[in-house]
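S.K.: Structure supplied as start_25.txt; contents: compact mmCIF, C-alpha atoms and all ligand atoms.
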# COMPACT_ATOMS: atom_id res chain seq x y z
CA MET X 1 8.72 13.76 -18.29
CA ARG X 2 6.31 15.41 -20.72
CA THR X 3 5.28 18.99 -20.06
CA LEU X 4 1.59 19.79 -20.51
CA GLN X 5 0.16 23.26 -20.58
CA VAL X 6 -3.24 23.92 -19.05
CA LYS X 7 -5.73 26.68 -19.74
CA LYS X 8 -5.82 29.82 -17.64
CA LEU X 9 -8.69 28.89 -15.33
CA ALA X 10 -7.45 25.36 -14.84
CA ALA X 11 -4.03 26.77 -13.92
CA SER X 12 -5.40 28.93 -11.15
CA ARG X 13 -7.40 26.18 -9.53
CA LEU X 14 -4.56 23.65 -9.80
CA LYS X 15 -2.22 26.18 -8.13
CA LYS X 16 -4.67 26.40 -5.27
CA GLY X 17 -4.51 22.65 -4.78
CA TYR X 18 -7.39 21.30 -6.88
CA PRO X 19 -6.24 17.71 -7.39
CA ALA X 20 -8.07 16.53 -10.52
CA LEU X 21 -6.92 16.97 -14.11
CA GLU X 22 -9.86 17.18 -16.47
CA GLU X 23 -9.98 16.83 -20.20
CA TYR X 24 -11.10 20.40 -20.86
CA ASP X 25 -8.18 21.76 -18.79
CA PHE X 26 -6.02 21.10 -21.84
CA LYS X 27 -6.26 22.62 -25.30
CA THR X 28 -5.34 19.30 -26.74
CA LEU X 29 -4.48 16.19 -24.90
CA ASP X 30 -3.36 14.08 -27.80
CA GLN X 31 -1.78 10.73 -27.02
CA THR X 32 -2.39 10.00 -23.38
CA THR X 33 -0.57 7.11 -21.87
CA GLU X 34 -2.17 5.68 -18.76
CA GLY X 35 0.25 6.21 -15.90
CA GLU X 36 2.43 8.75 -17.66
CA LEU X 37 3.98 11.24 -15.23
CA VAL X 38 3.56 14.80 -16.46
CA ARG X 39 4.74 18.30 -15.56
CA ILE X 40 1.90 20.78 -15.58
CA VAL X 41 2.61 24.39 -16.56
CA ASP X 42 0.48 27.51 -16.98
CA GLN X 43 0.05 29.69 -20.07
CA GLN X 44 3.38 31.43 -19.33
CA ASN X 45 5.08 28.06 -18.93
CA ASN X 46 5.49 28.52 -15.20
CA PHE X 47 5.68 25.27 -13.28
CA ILE X 48 2.46 24.35 -11.42
CA GLY X 49 3.05 20.78 -10.35
CA LYS X 50 3.53 17.16 -11.29
CA GLY X 51 0.83 14.58 -11.76
CA TYR X 52 -0.04 11.42 -13.62
CA LEU X 53 -2.51 10.56 -16.37
CA GLY X 54 -5.22 8.02 -15.65
CA LYS X 55 -8.84 8.07 -16.80
CA GLU X 56 -11.40 7.84 -14.04
CA ASN X 57 -14.99 9.13 -13.98
CA ARG X 58 -14.71 12.76 -15.07
CA SER X 59 -10.95 13.16 -14.63
CA VAL X 60 -8.07 12.25 -16.90
CA GLY X 61 -5.42 12.31 -14.20
CA TRP X 62 -4.42 13.51 -10.75
CA MET X 63 -1.94 16.06 -9.43
CA LEU X 64 0.61 14.57 -7.05
CA THR X 65 2.75 17.51 -5.94
CA LEU X 66 3.11 21.27 -6.34
CA ASP X 67 6.75 21.04 -5.29
CA LYS X 68 9.21 21.25 -8.16
CA GLU X 69 11.90 19.38 -6.22
CA GLU X 70 9.70 16.47 -5.18
CA GLU X 71 10.23 13.20 -7.05
CA ILE X 72 7.39 10.74 -7.54
CA ASP X 73 9.23 7.70 -6.23
CA SER X 74 9.11 5.13 -3.43
CA VAL X 75 9.94 7.79 -0.87
CA PHE X 76 6.93 9.80 -2.04
CA TYR X 77 4.53 6.87 -1.64
CA ASP X 78 6.08 5.77 1.64
CA ARG X 79 5.69 9.24 3.14
CA HIS X 80 2.02 9.46 2.08
CA PHE X 81 1.17 6.11 3.67
CA ARG X 82 2.90 7.04 6.93
CA ILE X 83 1.08 10.35 7.17
CA ALA X 84 -2.24 8.70 6.35
CA ARG X 85 -1.70 6.08 9.05
CA ASP X 86 -0.56 8.61 11.65
CA ILE X 87 -3.58 10.86 11.27
CA ARG X 88 -5.80 7.82 11.88
CA SER X 89 -4.09 6.80 15.10
CA ALA X 90 -7.36 7.22 17.02
CA PHE X 91 -9.00 4.63 14.73
CA TYR X 92 -6.14 2.18 15.22
CA ALA X 93 -6.38 2.67 18.99
CA ASP X 94 -10.15 2.18 19.20
CA THR X 95 -10.74 -1.49 19.96
CA SER X 96 -14.51 -1.21 19.44
CA THR X 97 -14.04 -0.38 15.72
CA THR X 98 -11.71 -2.58 13.71
CA ALA X 99 -12.50 -1.51 10.13
CA PHE X 100 -11.91 1.91 8.65
CA ARG X 101 -10.37 3.74 5.72
CA VAL X 102 -6.64 4.27 5.99
CA PHE X 103 -6.00 6.02 2.71
CA ASN X 104 -8.63 8.00 0.85
CA ALA X 105 -7.29 8.78 -2.61
CA ASP X 106 -6.89 12.50 -3.36
CA GLY X 107 -7.96 13.27 0.22
CA ASP X 108 -4.65 11.70 1.26
CA GLY X 109 -2.71 13.08 -1.67
CA ILE X 110 -2.86 10.35 -4.32
CA GLY X 111 -5.97 10.20 -6.47
CA GLY X 112 -7.01 6.78 -7.71
CA ILE X 113 -6.14 4.58 -4.71
CA THR X 114 -7.99 3.84 -1.53
CA VAL X 115 -6.88 1.50 1.26
CA ASP X 116 -9.22 0.07 3.88
CA TYR X 117 -8.22 -1.62 7.11
CA TYR X 118 -10.20 -4.74 8.07
CA ASP X 119 -8.89 -6.11 11.34
CA GLY X 120 -5.23 -6.23 10.32
CA PHE X 121 -5.89 -6.88 6.63
CA TYR X 122 -5.51 -4.09 4.08
CA ILE X 123 -7.69 -3.79 1.00
CA PHE X 124 -6.33 -1.70 -1.85
CA SER X 125 -8.83 -0.44 -4.42
CA TRP X 126 -7.45 0.83 -7.72
CA TYR X 127 -9.67 3.23 -9.60
CA ASN X 128 -7.69 3.82 -12.79
CA LYS X 129 -5.20 2.01 -14.95
CA GLY X 130 -2.63 4.79 -14.68
CA ILE X 131 -1.96 4.45 -10.98
CA TYR X 132 -2.29 0.67 -11.23
CA SER X 133 0.79 0.63 -13.47
CA TYR X 134 2.78 1.69 -10.36
CA ARG X 135 1.36 -1.03 -8.17
CA ASP X 136 4.61 -2.91 -7.50
CA GLN X 137 6.38 0.24 -6.39
CA ILE X 138 3.36 1.31 -4.33
CA TYR X 139 2.96 -2.06 -2.56
CA GLN X 140 6.69 -2.04 -1.81
CA ALA X 141 6.44 1.43 -0.27
CA PHE X 142 3.30 0.49 1.64
CA LYS X 143 4.98 -2.55 3.20
CA VAL X 144 7.86 -0.40 4.38
CA ALA X 145 5.53 2.25 5.82
CA ILE X 146 3.06 -0.20 7.39
CA PRO X 147 4.93 -3.48 7.91
CA ASP X 148 2.61 -4.97 10.53
CA PHE X 149 -0.17 -6.13 8.19
CA LYS X 150 -1.78 -9.56 8.40
CA GLY X 151 -2.43 -9.60 4.68
CA ILE X 152 -3.07 -7.46 1.61
CA VAL X 153 -5.90 -7.91 -0.91
CA GLU X 154 -6.59 -5.79 -3.97
CA LYS X 155 -9.76 -4.75 -5.81
CA VAL X 156 -9.37 -3.49 -9.35
CA ARG X 157 -12.20 -1.11 -10.13
CA PHE X 158 -11.55 0.34 -13.56
CA LYS X 159 -13.07 -0.79 -16.84
CA ASN X 160 -11.61 -3.71 -18.72
CA ALA X 161 -9.45 -4.85 -15.82
CA GLN X 162 -8.40 -8.50 -16.01
CA ILE X 163 -9.41 -9.24 -12.43
CA GLU X 164 -11.79 -7.87 -9.81
CA SER X 165 -10.06 -9.06 -6.68
CA GLN X 166 -6.91 -10.89 -5.70
CA HIS X 167 -4.70 -11.74 -2.77
CA ILE X 168 -1.39 -9.83 -2.79
CA ASP X 169 0.63 -10.64 0.30
CA GLY X 170 0.59 -12.14 3.78
CA GLU X 171 -2.20 -14.36 5.04
CA VAL X 172 -5.31 -15.05 2.99
CA PRO X 173 -8.19 -13.46 4.96
CA PRO X 174 -10.54 -15.94 6.64
CA GLU X 175 -14.13 -16.26 5.42
CA PRO X 176 -15.91 -14.64 7.03
CA LEU X 177 -13.52 -12.08 8.42
CA MET X 178 -15.17 -10.69 11.55
CA ILE X 179 -14.83 -6.98 12.11
CA LYS X 180 -16.26 -4.74 14.81
CA GLU X 181 -17.79 -1.32 14.47
CA ASN X 182 -18.77 0.57 17.59
CA GLY X 183 -18.98 -2.77 19.33
CA ILE X 184 -21.21 -4.43 16.72
CA GLN X 185 -19.90 -7.46 14.82
CA TYR X 186 -20.06 -7.74 11.06
CA ALA X 187 -19.17 -10.75 8.96
CA THR X 188 -17.19 -9.60 5.93
CA TYR X 189 -15.92 -11.42 2.86
CA ILE X 190 -12.92 -9.77 1.34
CA ASN X 191 -11.53 -12.36 -1.05
CA GLU X 192 -13.98 -11.94 -3.91
CA GLY X 193 -15.70 -9.14 -5.81
CA TRP X 194 -15.63 -5.47 -4.95
CA MET X 195 -18.12 -5.55 -2.10
CA THR X 196 -17.14 -6.82 1.33
CA GLY X 197 -20.49 -7.01 3.11
CA ILE X 198 -20.27 -3.59 4.70
CA PHE X 199 -19.93 -0.05 3.43
CA LEU X 200 -17.58 1.62 5.86
CA ASP X 201 -18.62 5.13 4.81
CA GLN X 202 -22.03 4.72 6.52
CA ARG X 203 -20.50 4.15 9.94
CA ASN X 204 -21.92 7.34 11.45
CA ILE X 205 -25.42 6.49 10.28
CA ARG X 206 -25.21 2.99 11.80
CA ARG X 207 -23.97 4.56 15.01
CA LYS X 208 -26.94 6.95 15.18
CA LEU X 209 -29.34 4.11 14.39
CA MET X 210 -27.90 2.19 17.32
CA GLU X 211 -27.62 5.05 19.77
CA GLU X 212 -30.65 7.09 18.99
CA TRP X 213 -32.94 6.54 16.05
CA GLY X 214 -33.59 2.78 16.26
CA ALA X 215 -34.99 2.27 19.76
CA GLY X 216 -38.58 1.06 19.81
CA LYS X 217 -39.02 1.46 16.06
CA THR X 218 -40.38 -0.64 13.24
CA ILE X 219 -37.97 -0.10 10.36
CA LEU X 220 -38.03 -0.58 6.63
CA ASN X 221 -34.53 -0.98 5.20
CA THR X 222 -34.68 -0.80 1.41
CA PHE X 223 -31.71 -1.88 -0.76
CA SER X 224 -30.64 -3.55 2.44
CA TYR X 225 -27.71 -5.64 1.06
CA THR X 226 -26.40 -7.49 4.16
CA GLY X 227 -28.74 -5.63 6.51
CA ALA X 228 -26.03 -3.67 8.28
CA PHE X 229 -28.30 -0.69 9.05
CA SER X 230 -30.91 -3.06 10.50
CA VAL X 231 -28.42 -4.86 12.69
CA ALA X 232 -27.24 -1.55 14.13
CA ALA X 233 -30.83 -0.44 14.75
CA ALA X 234 -31.74 -3.79 16.31
CA MET X 235 -28.73 -3.58 18.61
CA GLY X 236 -30.10 -0.22 19.62
CA GLY X 237 -33.50 -1.66 20.49
CA ALA X 238 -35.49 -1.57 17.25
CA VAL X 239 -38.58 -3.75 17.58
CA LYS X 240 -38.51 -5.11 14.07
CA THR X 241 -36.78 -4.50 10.75
CA VAL X 242 -37.94 -5.40 7.25
CA ASN X 243 -35.02 -5.85 4.88
CA VAL X 244 -35.66 -5.60 1.16
CA ASP X 245 -33.10 -6.46 -1.48
CA ALA X 246 -33.44 -8.03 -4.91
CA ALA X 247 -30.22 -10.05 -4.68
CA ASN X 248 -30.53 -13.67 -3.59
CA ARG X 249 -27.29 -13.51 -1.68
CA SER X 250 -28.71 -10.85 0.62
CA LYS X 251 -30.86 -13.26 2.60
CA ALA X 252 -28.20 -15.57 4.00
CA LYS X 253 -25.84 -12.67 4.57
CA THR X 254 -28.45 -10.71 6.51
CA ILE X 255 -29.31 -13.73 8.65
CA GLU X 256 -25.63 -14.11 9.38
CA GLN X 257 -25.22 -10.44 10.42
CA PHE X 258 -28.05 -10.80 12.93
CA GLU X 259 -26.76 -14.09 14.25
CA VAL X 260 -23.19 -13.01 14.82
CA ASN X 261 -24.59 -10.38 17.17
CA GLY X 262 -26.78 -12.81 19.08
CA LEU X 263 -29.96 -11.41 17.51
CA ASN X 264 -32.70 -13.73 16.34
CA PRO X 265 -33.27 -13.26 12.59
CA ASP X 266 -36.80 -14.63 13.03
CA ASP X 267 -37.71 -11.39 14.76
CA HIS X 268 -37.09 -9.66 11.43
CA GLU X 269 -38.22 -9.97 7.82
CA ILE X 270 -35.70 -10.52 5.08
CA ARG X 271 -37.27 -10.27 1.66
CA VAL X 272 -35.63 -10.99 -1.65
CA ILE X 273 -37.75 -8.81 -3.89
CA ASP X 274 -37.50 -5.67 -6.01
CA VAL X 275 -37.94 -2.62 -3.78
CA PHE X 276 -40.64 -1.17 -6.02
CA ASP X 277 -42.65 -4.40 -5.86
CA TYR X 278 -42.31 -4.45 -2.10
CA LEU X 279 -43.55 -0.86 -1.91
CA ASP X 280 -46.64 -1.79 -3.94
CA TYR X 281 -47.27 -4.64 -1.54
CA ALA X 282 -46.77 -2.43 1.52
CA LYS X 283 -49.17 0.17 0.19
CA LYS X 284 -51.78 -2.42 -0.67
CA HIS X 285 -51.59 -3.83 2.86
CA ASP X 286 -51.55 -0.40 4.42
CA LEU X 287 -48.27 -1.04 6.25
CA LYS X 288 -46.65 1.81 8.15
CA PHE X 289 -43.08 2.20 9.31
CA ASP X 290 -41.60 4.46 11.97
CA LEU X 291 -38.32 4.71 10.13
CA ILE X 292 -37.45 4.08 6.50
CA ILE X 293 -33.96 3.85 5.07
CA LEU X 294 -33.34 4.60 1.40
CA ASP X 295 -29.80 3.89 0.33
CA PRO X 296 -29.93 2.69 -3.26
CA PRO X 297 -26.97 2.15 -5.57
CA THR X 298 -26.32 4.87 -8.16
CA PHE X 299 -27.41 2.53 -10.89
CA ALA X 300 -28.75 -1.02 -10.86
CA ARG X 301 -30.31 -3.38 -13.30
CA THR X 302 -32.54 -6.09 -11.89
CA LYS X 303 -34.53 -8.66 -13.87
CA LYS X 304 -37.45 -6.29 -14.09
CA ARG X 305 -36.12 -2.75 -14.23
CA THR X 306 -33.20 -0.42 -14.25
CA PHE X 307 -32.86 2.00 -11.40
CA SER X 308 -30.86 5.19 -11.51
CA VAL X 309 -30.65 7.76 -8.76
CA GLU X 310 -31.00 10.70 -11.14
CA LYS X 311 -34.09 9.30 -12.82
CA ASP X 312 -35.82 7.46 -9.99
CA TYR X 313 -34.96 8.94 -6.59
CA VAL X 314 -37.79 11.47 -6.49
CA GLY X 315 -40.31 8.75 -7.33
CA LEU X 316 -38.83 6.46 -4.72
CA VAL X 317 -39.13 9.06 -1.97
CA ARG X 318 -42.71 9.81 -3.05
CA GLU X 319 -43.62 6.16 -2.75
CA VAL X 320 -42.11 5.61 0.67
CA LEU X 321 -43.76 8.73 2.08
CA GLU X 322 -47.07 6.91 1.74
CA ILE X 323 -45.97 4.22 4.16
CA LEU X 324 -44.06 6.41 6.60
CA ALA X 325 -45.89 6.86 9.91
CA ASP X 326 -46.73 10.28 11.24
CA ASP X 327 -43.65 11.56 13.06
CA GLY X 328 -41.73 8.90 11.15
CA ILE X 329 -38.11 9.34 10.13
CA LEU X 330 -36.81 9.04 6.60
CA ILE X 331 -33.11 8.47 6.00
CA ALA X 332 -32.44 9.45 2.39
CA SER X 333 -28.95 8.61 1.23
CA THR X 334 -27.03 8.61 -2.01
CA ASN X 335 -23.41 7.99 -2.81
CA THR X 336 -23.32 9.29 -6.34
CA TRP X 337 -20.68 11.89 -7.17
CA LYS X 338 -22.90 13.01 -10.02
CA LEU X 339 -25.26 14.87 -7.71
CA SER X 340 -24.13 17.72 -5.50
CA ARG X 341 -25.54 18.08 -2.02
CA ASP X 342 -27.83 20.82 -3.29
CA ASP X 343 -29.05 18.78 -6.26
CA PHE X 344 -29.91 15.96 -3.93
CA TYR X 345 -31.62 18.27 -1.46
CA GLN X 346 -33.70 19.61 -4.33
CA MET X 347 -34.78 16.12 -5.34
CA VAL X 348 -35.79 15.12 -1.82
CA ASN X 349 -37.59 18.42 -1.40
CA GLU X 350 -39.42 17.94 -4.67
CA ALA X 351 -40.77 14.58 -3.51
CA PHE X 352 -42.11 16.00 -0.24
CA ASP X 353 -43.56 18.89 -2.15
CA GLU X 354 -45.32 16.73 -4.70
CA GLU X 355 -46.73 14.47 -2.01
CA ASN X 356 -47.69 17.51 0.00
CA VAL X 357 -46.02 16.09 3.09
CA ASP X 358 -44.42 18.34 5.66
CA ALA X 359 -41.12 17.45 7.25
CA TYR X 360 -38.00 19.01 8.58
CA LEU X 361 -34.38 18.21 8.03
CA MET X 362 -33.26 16.84 11.40
CA ASP X 363 -29.73 16.01 10.52
CA GLU X 364 -27.37 15.72 7.62
CA TYR X 365 -24.25 13.62 7.06
CA GLY X 366 -21.38 13.30 4.65
CA LEU X 367 -18.36 11.06 4.76
CA PRO X 368 -16.93 10.06 8.15
CA GLU X 369 -13.57 11.37 9.40
CA ASP X 370 -11.44 8.51 8.10
CA PHE X 371 -12.69 9.17 4.55
CA LYS X 372 -10.47 12.23 4.46
CA ILE X 373 -11.57 14.82 1.96
CA ASN X 374 -9.41 17.12 -0.09
CA GLU X 375 -10.55 20.57 0.97
CA ASN X 376 -9.83 21.93 -2.48
CA TYR X 377 -12.08 19.33 -4.07
CA VAL X 378 -15.36 19.24 -2.20
CA GLU X 379 -16.90 17.20 -5.01
CA SER X 380 -15.02 14.22 -3.60
CA ASN X 381 -17.42 14.21 -0.63
CA TYR X 382 -19.75 11.95 -2.57
CA LEU X 383 -21.89 10.74 0.34
CA LYS X 384 -25.05 12.68 1.09
CA VAL X 385 -27.40 11.55 3.83
CA MET X 386 -30.46 13.54 4.88
CA VAL X 387 -32.46 12.62 7.94
CA LEU X 388 -36.00 13.98 7.81
CA GLU X 389 -38.78 13.84 10.32
CA LYS X 390 -42.29 13.79 8.95
CA LEU X 391 -44.67 16.26 10.53
CA LYS X 392 -48.32 15.49 11.11
CA ASP X 393 -50.77 17.25 8.85
N1 LIG X 401 -27.77 0.19 1.95
C1 LIG X 401 -26.82 -0.88 1.97
C2 LIG X 401 -26.00 -0.94 0.71
C3 LIG X 401 -26.81 -1.06 -0.55
S1 LIG X 401 -25.88 -1.77 -1.84
C4 LIG X 401 -25.88 -0.76 3.16
O1 LIG X 401 -25.60 0.33 3.63
O2 LIG X 401 -25.39 -1.79 3.61
C5 LIG X 401 -27.11 -1.81 -3.08
C6 LIG X 401 -28.06 -2.97 -2.96
O3 LIG X 401 -29.23 -2.64 -3.72
C7 LIG X 401 -27.53 -4.27 -3.53
O4 LIG X 401 -27.54 -5.24 -2.51
C8 LIG X 401 -28.52 -4.62 -4.66
O5 LIG X 401 -28.82 -6.00 -4.72
C9 LIG X 401 -29.75 -3.84 -4.28
N2 LIG X 401 -30.68 -3.46 -5.35
C10 LIG X 401 -30.41 -2.79 -6.48
N3 LIG X 401 -31.54 -2.53 -7.16
C11 LIG X 401 -32.57 -3.05 -6.44
C12 LIG X 401 -33.98 -3.08 -6.60
N4 LIG X 401 -34.58 -2.53 -7.65
N5 LIG X 401 -34.71 -3.67 -5.64
C13 LIG X 401 -34.11 -4.24 -4.56
N6 LIG X 401 -32.78 -4.22 -4.34
C14 LIG X 401 -32.01 -3.64 -5.28
Before anything else, please render the file you have as structure tokens.
M.R.:
Amino acid sequence: MRTLQVKKLAASRLKKGYPALEEYDFKTLDQTTEGELVRIVDQQNNFIGKGYLGKENRSVGWMLTLDKEEEIDSVFYDRHFRIARDIRSAFYADTSTTAFRVFNADGDGIGGITVDYYDGFYIFSWYNKGIYSYRDQIYQAFKVAIPDFKGIVEKVRFKNAQIESQHIDGEVPPEPLMIKENGIQYATYINEGWMTGIFLDQRNIRRKLMEEWGAGKTILNTFSYTGAFSVAAAMGGAVKTVNVDAANRSKAKTIEQFEVNGLNPDDHEIRVIDVFDYLDYAKKHDLKFDLIILDPPTFARTKKRTFSVEKDYVGLVREVLEILADDGILIASTNTWKLSRDDFYQMVNEAFDEENVDAYLMDEYGLPEDFKINENYVESNYLKVMVLEKLKD
């Protein structure tokens, strides 16, 4: 195993449990082999820990252990999966929610892999080539730790991967695979692509929409994808939702999500259109909404435009403020790791400021409990959701 020396400041944070290895931690990081296991030492050559190299976003690898004696072998992986499963026993026991995250990368001790549970099926997502080179060993360990799976599917999420998605073991998941979340049904598709039809990390927002925010409201759900937020709000008594997404596939999928819950999709609008075009239309027709949801992707290219959170979020909030009713609620969400909570707060604040609209921050959310966070790496809490109530002039 190669020994790599890190700079002074990197050494101190790694000793404290910071899990990510970053390029500037090293004086030189010549020849990096994806998946190479490395010993990390400080400037005095004292042992800090062991990790692996794998390029992912801003990191070049992940620490795996600070224990000199610990080997990175099947026993290591097996133990991590067991612990991860055990701390989620309440999720396994809850029959009203049958989809959740079982293993959350560095939050559960191994950066680069996440595992989601979908009603007995397990979806592995691999975020760098390095960890993917251990996949056989890791699947083997997983099957020993959690033998009662219906099936295993993998998503390969790093650049230049040969495949996006493939079946690994057990049964092939049915299409759709029905899951439940707080009693609501969602149709998911887990055999193709990276996206399944639902983003599990927004569970707490859907719950609040159902239990509290949705009742009696007219709702605009922008970047609505399969309409999951709208379905939750409608189950909680929303009068009407307008779902706006530029992707053709979104229409049929949204209809399906309403129908599987016994809701009539005709009571709602499902529009396949660019959000910015819809906002122009809504302004022109003087539409007003009691609640507006903004949950765009970090970056998207549609036929007409490219959208990026950093460049366009302020403008987006400004536009929707014009069609938000007095006392209306805005749910502003982003999942980009590139913005800190404070950066995002600044951007939302700037939009209210520029529009000269008064509001207060009612509530704020990050990742739910199953998306376990590494306390030494708060940056991994990528989800930021701000719930704002508009105040009358
Ligand atoms: N908020 C959703 C997830 C959004 S996923 C949920 O919680 O379920 C991002 C969605 O934004 C995709 O469905 C994509 O088609 C859509 N999208 C991206 N750019 C868009 C644009 N300019 N106008 C409309 N939809 C867009």
S.K.: Just to confirm, what's the straight-line distance from CA of Gly237 (chain X) to CA of Leu287 (chain X) in Å (one decimal)?
M.R.: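 Going from CA of Gly237 (chain X) over to CA of Leu287 (chain X) covers 20.5 Å.
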S.K.: Taking only C-alpha atoms and all ligand atoms into account, which residues are within 7 Å of ligand LIG 401 (chain X), as a list in words?
M.R.: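 Result of the 7 Å neighbour search around ligand LIG 401 (chain X): Ile198, Phe199, Gln202, Thr222, Phe223, Ser224, Tyr225, Thr226, Gly227, Ala228, Phe229, Val244, Asp245, Ala246, Ala247, Ser250, Ile273, Asp274, Val275, Phe276, Asp295, Pro296, Pro297, Ala300, Arg301, Thr302, Arg305 and Phe307 of chain X.
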S.K.: Could you build a table of the residues in region 74-182 of chain X lying no more than 10 Å from region 20-43 of chain X, giving for each the nearest pair of atoms and their separation in Å rounded to one decimal place, using only C-alpha atoms, ordered by chain and ascending residue number, as CSV?
M.R.:
residue,atom,partner,partner_atom,distance
X:Asp106,CA,X:Ala20,CA,8.3
X:Gly111,CA,X:Ala20,CA,7.8
X:Asn128,CA,X:Glu34,CA,8.3
X:Lys129,CA,X:Glu34,CA,6.1
X:Gly130,CA,X:Gly35,CA,3.4
X:Ile131,CA,X:Gly35,CA,5.7
X:Tyr132,CA,X:Gly35,CA,7.7
X:Ser133,CA,X:Gly35,CA,6.1
X:Tyr134,CA,X:Gly35,CA,7.6
S.K.: Between X:Asp280, X:Glu364, X:Glu354, X:Glu379, which is the closest to Thr336 (chain X) once you count only C-alpha atoms?
M.R.: X:Glu379
S.K.: Measure the distance from CA of Lys240 (chain X) to CA of Lys392 (chain X) in Å and round it to one decimal.
M.R.: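 Between CA of Lys240 (chain X) and CA of Lys392 (chain X) the gap is 23.0 Å.
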S.K.: Would you mind telling me which residue in X:Thr334, X:Ile110, X:Arg82, X:Ala11 lies nearest to Asn45 (chain X) when using only C-alpha atoms?
M.R.: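 Among X:Thr334, X:Ile110, X:Arg82, X:Ala11, it is X:Ala11 that comes nearest to Asn45 (chain X).
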S.K.: Might you pull out every residue within 10 Å of Tyr127 (chain X), with all atoms listed in the file counted and same-chain residues fewer than 4 positions away left off, and present them as number ranges by chain?
M.R.: X: 54-57, 105, 111-114, 131-132, 155-159
S.K.: Hey, which bits of region 69-108 of chain X sit within 9 Å of region 48-51 of chain X, and for each residue what's the closest pair of atoms and how far apart in Å (one decimal), counting all atoms listed in the file, rows by chain and increasing number, as CSV?
M.R.:
residue,atom,partner,partner_atom,distance
X:Glu70,CA,X:Lys50,CA,8.7
X:Glu71,CA,X:Lys50,CA,8.9
X:Ile72,CA,X:Lys50,CA,8.4
S.K.: In Å to one decimal, how far is CA of Gly262 (chain X) from CA of Ser230 (chain X)?
M.R.: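 The value is 13.6 Å.
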S.K.: Quick one: residues within 7 Å of region 177-185 of chain X, only C-alpha atoms counted, chain neighbours fewer than 4 positions away excluded, as a JSON list (two decimals) with C-alpha atoms, keeping the file's coordinate frame?
M.R.:
[["chain", "number", "residue", "atom", "x", "y", "z"],
["X", 96, "SER", "CA", -14.51, -1.21, 19.44],
["X", 97, "THR", "CA", -14.04, -0.38, 15.72],
["X", 98, "THR", "CA", -11.71, -2.58, 13.71],
["X", 99, "ALA", "CA", -12.50, -1.51, 10.13],
["X", 118, "TYR", "CA", -10.20, -4.74, 8.07],
["X", 119, "ASP", "CA", -8.89, -6.11, 11.34],
["X", 173, "PRO", "CA", -8.19, -13.46, 4.96],
["X", 189, "TYR", "CA", -15.92, -11.42, 2.86],
["X", 260, "VAL", "CA", -23.19, -13.01, 14.82],
["X", 261, "ASN", "CA", -24.59, -10.38, 17.17]]
